[in-house]
Amino acid sequence: MQLDVEITGKQFESAAGERHDVLTGIKFSLRAGEVGVFVGPSGCGKSTMLKILAGLDHDYRGKVSRPAAGRLGMVFQEPRLLPWRSVEDNVRLAAPDIDRARLSELFSVLELTAHRSHYPGELSLGLARRVALARAFAVEPDFLILDEPLASLDDALAARLREEIATLVGGRSMITLLVTHNLDDAVRLGDRLFLLSARPARILADLPIPLPRGARGEAEIAAIKASIVRRTNGEPAERDAHR
Ligand SMILES: Nc1ncnc2c1ncn2[C@@H]1O[C@H](COP(=O)(O)OP(=O)(O)OP(=O)(O)O)[C@@H](O)[C@H]1O
Ligand SMILES: [Mg+2]
């Protein structure tokens, strides 16, 4: 199972009828078991890219070969829950075959047990994001796409959910794509770090993150972060990012 991506162009048309480029040079491959993390300035085209990779947008130039038979789990940047369904039903609709114990476990880990019968309109943004995570995990995905899943959560909960994502990723042979603005999350969860330019986004740097995820202790994580900052500071990638 492999993801092969080559997006040479993606444009949007503004309300005034002008076309503008959003993506240009996005070329990479990921194998099963790998986590690709994307970091780039706000508005550069990250969510647009993820929607193309999920197969939700076909209006682009290039070629994307996605894992053929796999199940897709996706956490959009906005939680996108069905407002007329309870928290539990939102998850069950995506994963009708999930067993009771696994569903309870997911709600427990994501601290949603007290909210199972609530409706999306009664949730804070952070709670709604957790429901979106529960829904993505519940489908037992082969291809997992996470668009800033830990935004608007407090530090302690974000750290717990990051561990949960790491456990899920470690326990299944899937391909994971994660967009984050947080270098700490990137280095703790990723195998490859892709730095994107300002719009139109292209890949400025493709940095392997050394050591298997489980072998990265706090000292290693600090060293990897420092080396990434060193590698990007003042190097062409960083200068290009500000062109
Ligand atoms: N449906 C659309 N129609 C027109 N323009 C769009 C559409 N969706 C996104 N854009 C534009 O494309 C560009 C990239 O948007 P996108 O949401 O992909 O950025 P992003 O990198 O995810 O940003 P952020 O970090 O803020 O989430 C922006 O300029 C945005 O205004
Ligand atoms: Mg986005």
# chains A, B, ... in the order shown; residues from 1 in each chain; ligands from 1

$ residues_around --residues "His20 in chain A" --least-positions-apart "4" --cutoff "7 Å" --atoms "only C-alpha atoms" --output "short mmCIF file (atom, residue, chain, number, x, y, z; two decimals) with C-alpha atoms, in the first residue's frame"
data_model
loop_
_atom_site.label_atom_id
_atom_site.label_comp_id
_atom_site.auth_asym_id
_atom_site.auth_seq_id
_atom_site.Cartn_x
_atom_site.Cartn_y
_atom_site.Cartn_z
CA GLN A 11 -6.29 26.93 -8.98
CA PHE A 12 -9.31 28.55 -7.38
CA GLU A 13 -11.50 31.20 -8.92
#

$ residues_near_ligand --ligand "ligand 1" --cutoff "12 Å" --atoms "only C-alpha atoms and all ligand atoms" --output "VMD selection string"
chain A and resid 10 to 24 38 to 52 57 59 76 to 78 146 to 149 151 178 to 182 195 to 202

$ residues_around --residues "Leu106 in chain A" --least-positions-apart "3" --cutoff "10 Å" --atoms "only C-alpha atoms" --output "PyMOL selection string"
chain A and resi 100-103+109-113+130-131+133-135+137-138+164

$ write_last_selection --atoms "C-alpha atoms" --output "JSON list (two decimals), in the first residue's frame"
[["chain", "number", "residue", "atom", "x", "y", "z"],
["A", 100, "ARG", "CA", -19.68, -1.39, 22.13],
["A", 101, "ALA", "CA", -16.46, -1.88, 24.04],
["A", 102, "ARG", "CA", -14.31, -0.15, 21.43],
["A", 103, "LEU", "CA", -16.78, 2.74, 21.17],
["A", 109, "VAL", "CA", -9.83, 8.15, 25.89],
["A", 110, "LEU", "CA", -11.16, 11.26, 24.17],
["A", 111, "GLU", "CA", -12.98, 12.30, 27.37],
["A", 112, "LEU", "CA", -16.34, 12.31, 25.63],
["A", 113, "THR", "CA", -18.23, 9.81, 27.78],
["A", 130, "ARG", "CA", -12.61, 15.32, 19.72],
["A", 131, "VAL", "CA", -15.82, 13.85, 18.27],
["A", 133, "LEU", "CA", -11.23, 12.39, 16.03],
["A", 134, "ALA", "CA", -13.40, 9.64, 17.53],
["A", 135, "ARG", "CA", -15.19, 9.29, 14.20],
["A", 137, "PHE", "CA", -10.44, 6.48, 14.69],
["A", 138, "ALA", "CA", -13.67, 4.45, 14.81],
["A", 164, "GLU", "CA", -3.60, 8.31, 21.37]]

$ closest_residue --among "A:Gly217, A:Pro67, A:Gly33, A:Gly25" --to "Asp191 in chain A" --atoms "only C-alpha atoms"
A:Gly33

$ closest_residue --among "A:Thr167, A:Ser152, A:Ser86, A:Gln2" --to "Ala69 in chain A" --atoms "only C-alpha atoms"
A:Gln2

$ residues_around --residues "Gly70 in chain A" --least-positions-apart "3" --cutoff "8 Å" --atoms "only C-alpha atoms" --output "VMD selection string"
chain A and resid 67 141 to 143

$ atom_distance --atom1 "CA of Ala95 in chain A" --atom2 "CA of Leu81 in chain A"
13.9 Å

$ select_by_dssp --residues "range 82-211 of chain A" --states "alpha helix (DSSP H)" --output "ChimeraX atom specification"
/A:87-94,100-109,125-138,155-171,183-189

$ write_last_selection --atoms "C-alpha atoms" --output "compact mmCIF listing (two decimals), in the first residue's frame"
# COMPACT_ATOMS: atom_id res chain seq x y z
CA VAL A 87 -22.30 12.58 19.36
CA GLU A 88 -22.68 8.80 19.53
CA ASP A 89 -24.73 8.64 16.33
CA ASN A 90 -22.21 10.82 14.48
CA VAL A 91 -19.55 8.23 15.25
CA ARG A 92 -21.81 5.20 14.66
CA LEU A 93 -22.89 6.47 11.24
CA ALA A 94 -19.25 6.44 10.12
CA ARG A 100 -19.68 -1.39 22.13
CA ALA A 101 -16.46 -1.88 24.04
CA ARG A 102 -14.31 -0.15 21.43
CA LEU A 103 -16.78 2.74 21.17
CA SER A 104 -16.79 3.17 24.96
CA GLU A 105 -13.01 3.01 25.01
CA LEU A 106 -12.75 5.70 22.32
CA PHE A 107 -15.17 7.98 24.16
CA SER A 108 -13.27 7.40 27.37
CA VAL A 109 -9.83 8.15 25.89
CA LEU A 125 -15.08 23.62 19.37
CA GLY A 126 -12.58 21.52 21.31
CA LEU A 127 -15.25 18.92 22.13
CA ALA A 128 -16.47 18.85 18.54
CA ARG A 129 -12.88 18.28 17.37
CA ARG A 130 -12.61 15.32 19.72
CA VAL A 131 -15.82 13.85 18.27
CA ALA A 132 -14.33 14.27 14.80
CA LEU A 133 -11.23 12.39 16.03
CA ALA A 134 -13.40 9.64 17.53
CA ARG A 135 -15.19 9.29 14.20
CA ALA A 136 -11.91 9.04 12.26
CA PHE A 137 -10.44 6.48 14.69
CA ALA A 138 -13.67 4.45 14.81
CA ASP A 155 -2.00 21.51 26.37
CA ALA A 156 -2.67 18.55 28.66
CA LEU A 157 -5.51 17.17 26.52
CA ALA A 158 -3.56 17.82 23.30
CA ALA A 159 -0.65 15.81 24.73
CA ARG A 160 -2.97 12.91 25.69
CA LEU A 161 -4.61 12.90 22.26
CA ARG A 162 -1.22 13.04 20.59
CA GLU A 163 -0.33 9.87 22.49
CA GLU A 164 -3.60 8.31 21.37
CA ILE A 165 -2.85 9.21 17.75
CA ALA A 166 0.66 7.74 18.16
CA THR A 167 -0.82 4.52 19.59
CA LEU A 168 -3.32 4.23 16.76
CA VAL A 169 -0.67 4.91 14.15
CA GLY A 170 1.67 2.40 15.80
CA GLY A 171 -0.99 -0.28 16.01
CA LEU A 183 6.80 21.55 15.51
CA ASP A 184 6.61 19.54 18.73
CA ASP A 185 3.58 17.57 17.45
CA ALA A 186 5.32 17.18 14.09
CA VAL A 187 8.48 15.70 15.59
CA ARG A 188 6.65 13.45 18.06
CA LEU A 189 4.26 12.00 15.48

$ select_by_dssp --residues "range 16-224 of chain A" --states "strand (DSSP E)" --output "PyMOL selection string"
chain A and resi 19-23+26-31+35-39+61-65+72-75+143-147+175-179+192-196+203-208

$ atom_distance --atom1 "CA of Glu140 in chain A" --atom2 "CA of Leu207 in chain A"
27.9 Å

$ closest_residue --among "A:Val75, A:Arg231, A:Ile26, A:Gly36" --to "ligand 2" --atoms "only C-alpha atoms and all ligand atoms"
A:Val75

$ decode --residues "range 115-159 of chain A" --atoms "C-alpha atoms" --output "PDB file, in the first residue's frame"
ATOM      1  CA  HIS A 115     -21.239  13.921  25.960  1.00  0.00           C
ATOM      2  CA  ARG A 116     -22.388  10.795  24.136  1.00  0.00           C
ATOM      3  CA  SER A 117     -25.991  11.922  23.894  1.00  0.00           C
ATOM      4  CA  HIS A 118     -25.276  15.602  23.280  1.00  0.00           C
ATOM      5  CA  TYR A 119     -25.832  17.250  19.918  1.00  0.00           C
ATOM      6  CA  PRO A 120     -23.054  19.111  18.043  1.00  0.00           C
ATOM      7  CA  GLY A 121     -24.715  22.489  18.759  1.00  0.00           C
ATOM      8  CA  GLU A 122     -24.160  21.865  22.478  1.00  0.00           C
ATOM      9  CA  LEU A 123     -20.417  21.272  22.113  1.00  0.00           C
ATOM     10  CA  SER A 124     -17.441  23.621  22.350  1.00  0.00           C
ATOM     11  CA  LEU A 125     -15.082  23.620  19.368  1.00  0.00           C
ATOM     12  CA  GLY A 126     -12.577  21.524  21.309  1.00  0.00           C
ATOM     13  CA  LEU A 127     -15.249  18.916  22.134  1.00  0.00           C
ATOM     14  CA  ALA A 128     -16.468  18.852  18.543  1.00  0.00           C
ATOM     15  CA  ARG A 129     -12.884  18.278  17.368  1.00  0.00           C
ATOM     16  CA  ARG A 130     -12.614  15.315  19.719  1.00  0.00           C
ATOM     17  CA  VAL A 131     -15.821  13.854  18.267  1.00  0.00           C
ATOM     18  CA  ALA A 132     -14.327  14.265  14.798  1.00  0.00           C
ATOM     19  CA  LEU A 133     -11.227  12.392  16.030  1.00  0.00           C
ATOM     20  CA  ALA A 134     -13.401   9.638  17.532  1.00  0.00           C
ATOM     21  CA  ARG A 135     -15.194   9.288  14.196  1.00  0.00           C
ATOM     22  CA  ALA A 136     -11.912   9.041  12.258  1.00  0.00           C
ATOM     23  CA  PHE A 137     -10.444   6.480  14.686  1.00  0.00           C
ATOM     24  CA  ALA A 138     -13.673   4.450  14.811  1.00  0.00           C
ATOM     25  CA  VAL A 139     -13.514   3.513  11.138  1.00  0.00           C
ATOM     26  CA  GLU A 140     -10.148   1.774  11.745  1.00  0.00           C
ATOM     27  CA  PRO A 141      -8.629   3.560   8.788  1.00  0.00           C
ATOM     28  CA  ASP A 142      -5.920   2.429   6.410  1.00  0.00           C
ATOM     29  CA  PHE A 143      -5.448   6.005   5.263  1.00  0.00           C
ATOM     30  CA  LEU A 144      -5.762   8.659   7.967  1.00  0.00           C
ATOM     31  CA  ILE A 145      -5.838  12.388   7.191  1.00  0.00           C
ATOM     32  CA  LEU A 146      -5.686  14.854  10.067  1.00  0.00           C
ATOM     33  CA  ASP A 147      -6.002  18.598   9.420  1.00  0.00           C
ATOM     34  CA  GLU A 148      -4.792  20.372  12.576  1.00  0.00           C
ATOM     35  CA  PRO A 149      -6.563  17.867  14.856  1.00  0.00           C
ATOM     36  CA  LEU A 150      -5.117  19.240  18.101  1.00  0.00           C
ATOM     37  CA  ALA A 151      -5.980  22.901  17.547  1.00  0.00           C
ATOM     38  CA  SER A 152      -8.156  24.536  20.235  1.00  0.00           C
ATOM     39  CA  LEU A 153      -7.424  21.848  22.852  1.00  0.00           C
ATOM     40  CA  ASP A 154      -5.624  22.650  26.099  1.00  0.00           C
ATOM     41  CA  ASP A 155      -2.001  21.509  26.367  1.00  0.00           C
ATOM     42  CA  ALA A 156      -2.674  18.549  28.657  1.00  0.00           C
ATOM     43  CA  LEU A 157      -5.510  17.167  26.521  1.00  0.00           C
ATOM     44  CA  ALA A 158      -3.561  17.820  23.301  1.00  0.00           C
ATOM     45  CA  ALA A 159      -0.647  15.810  24.729  1.00  0.00           C
TER      46      ALA A 159
END
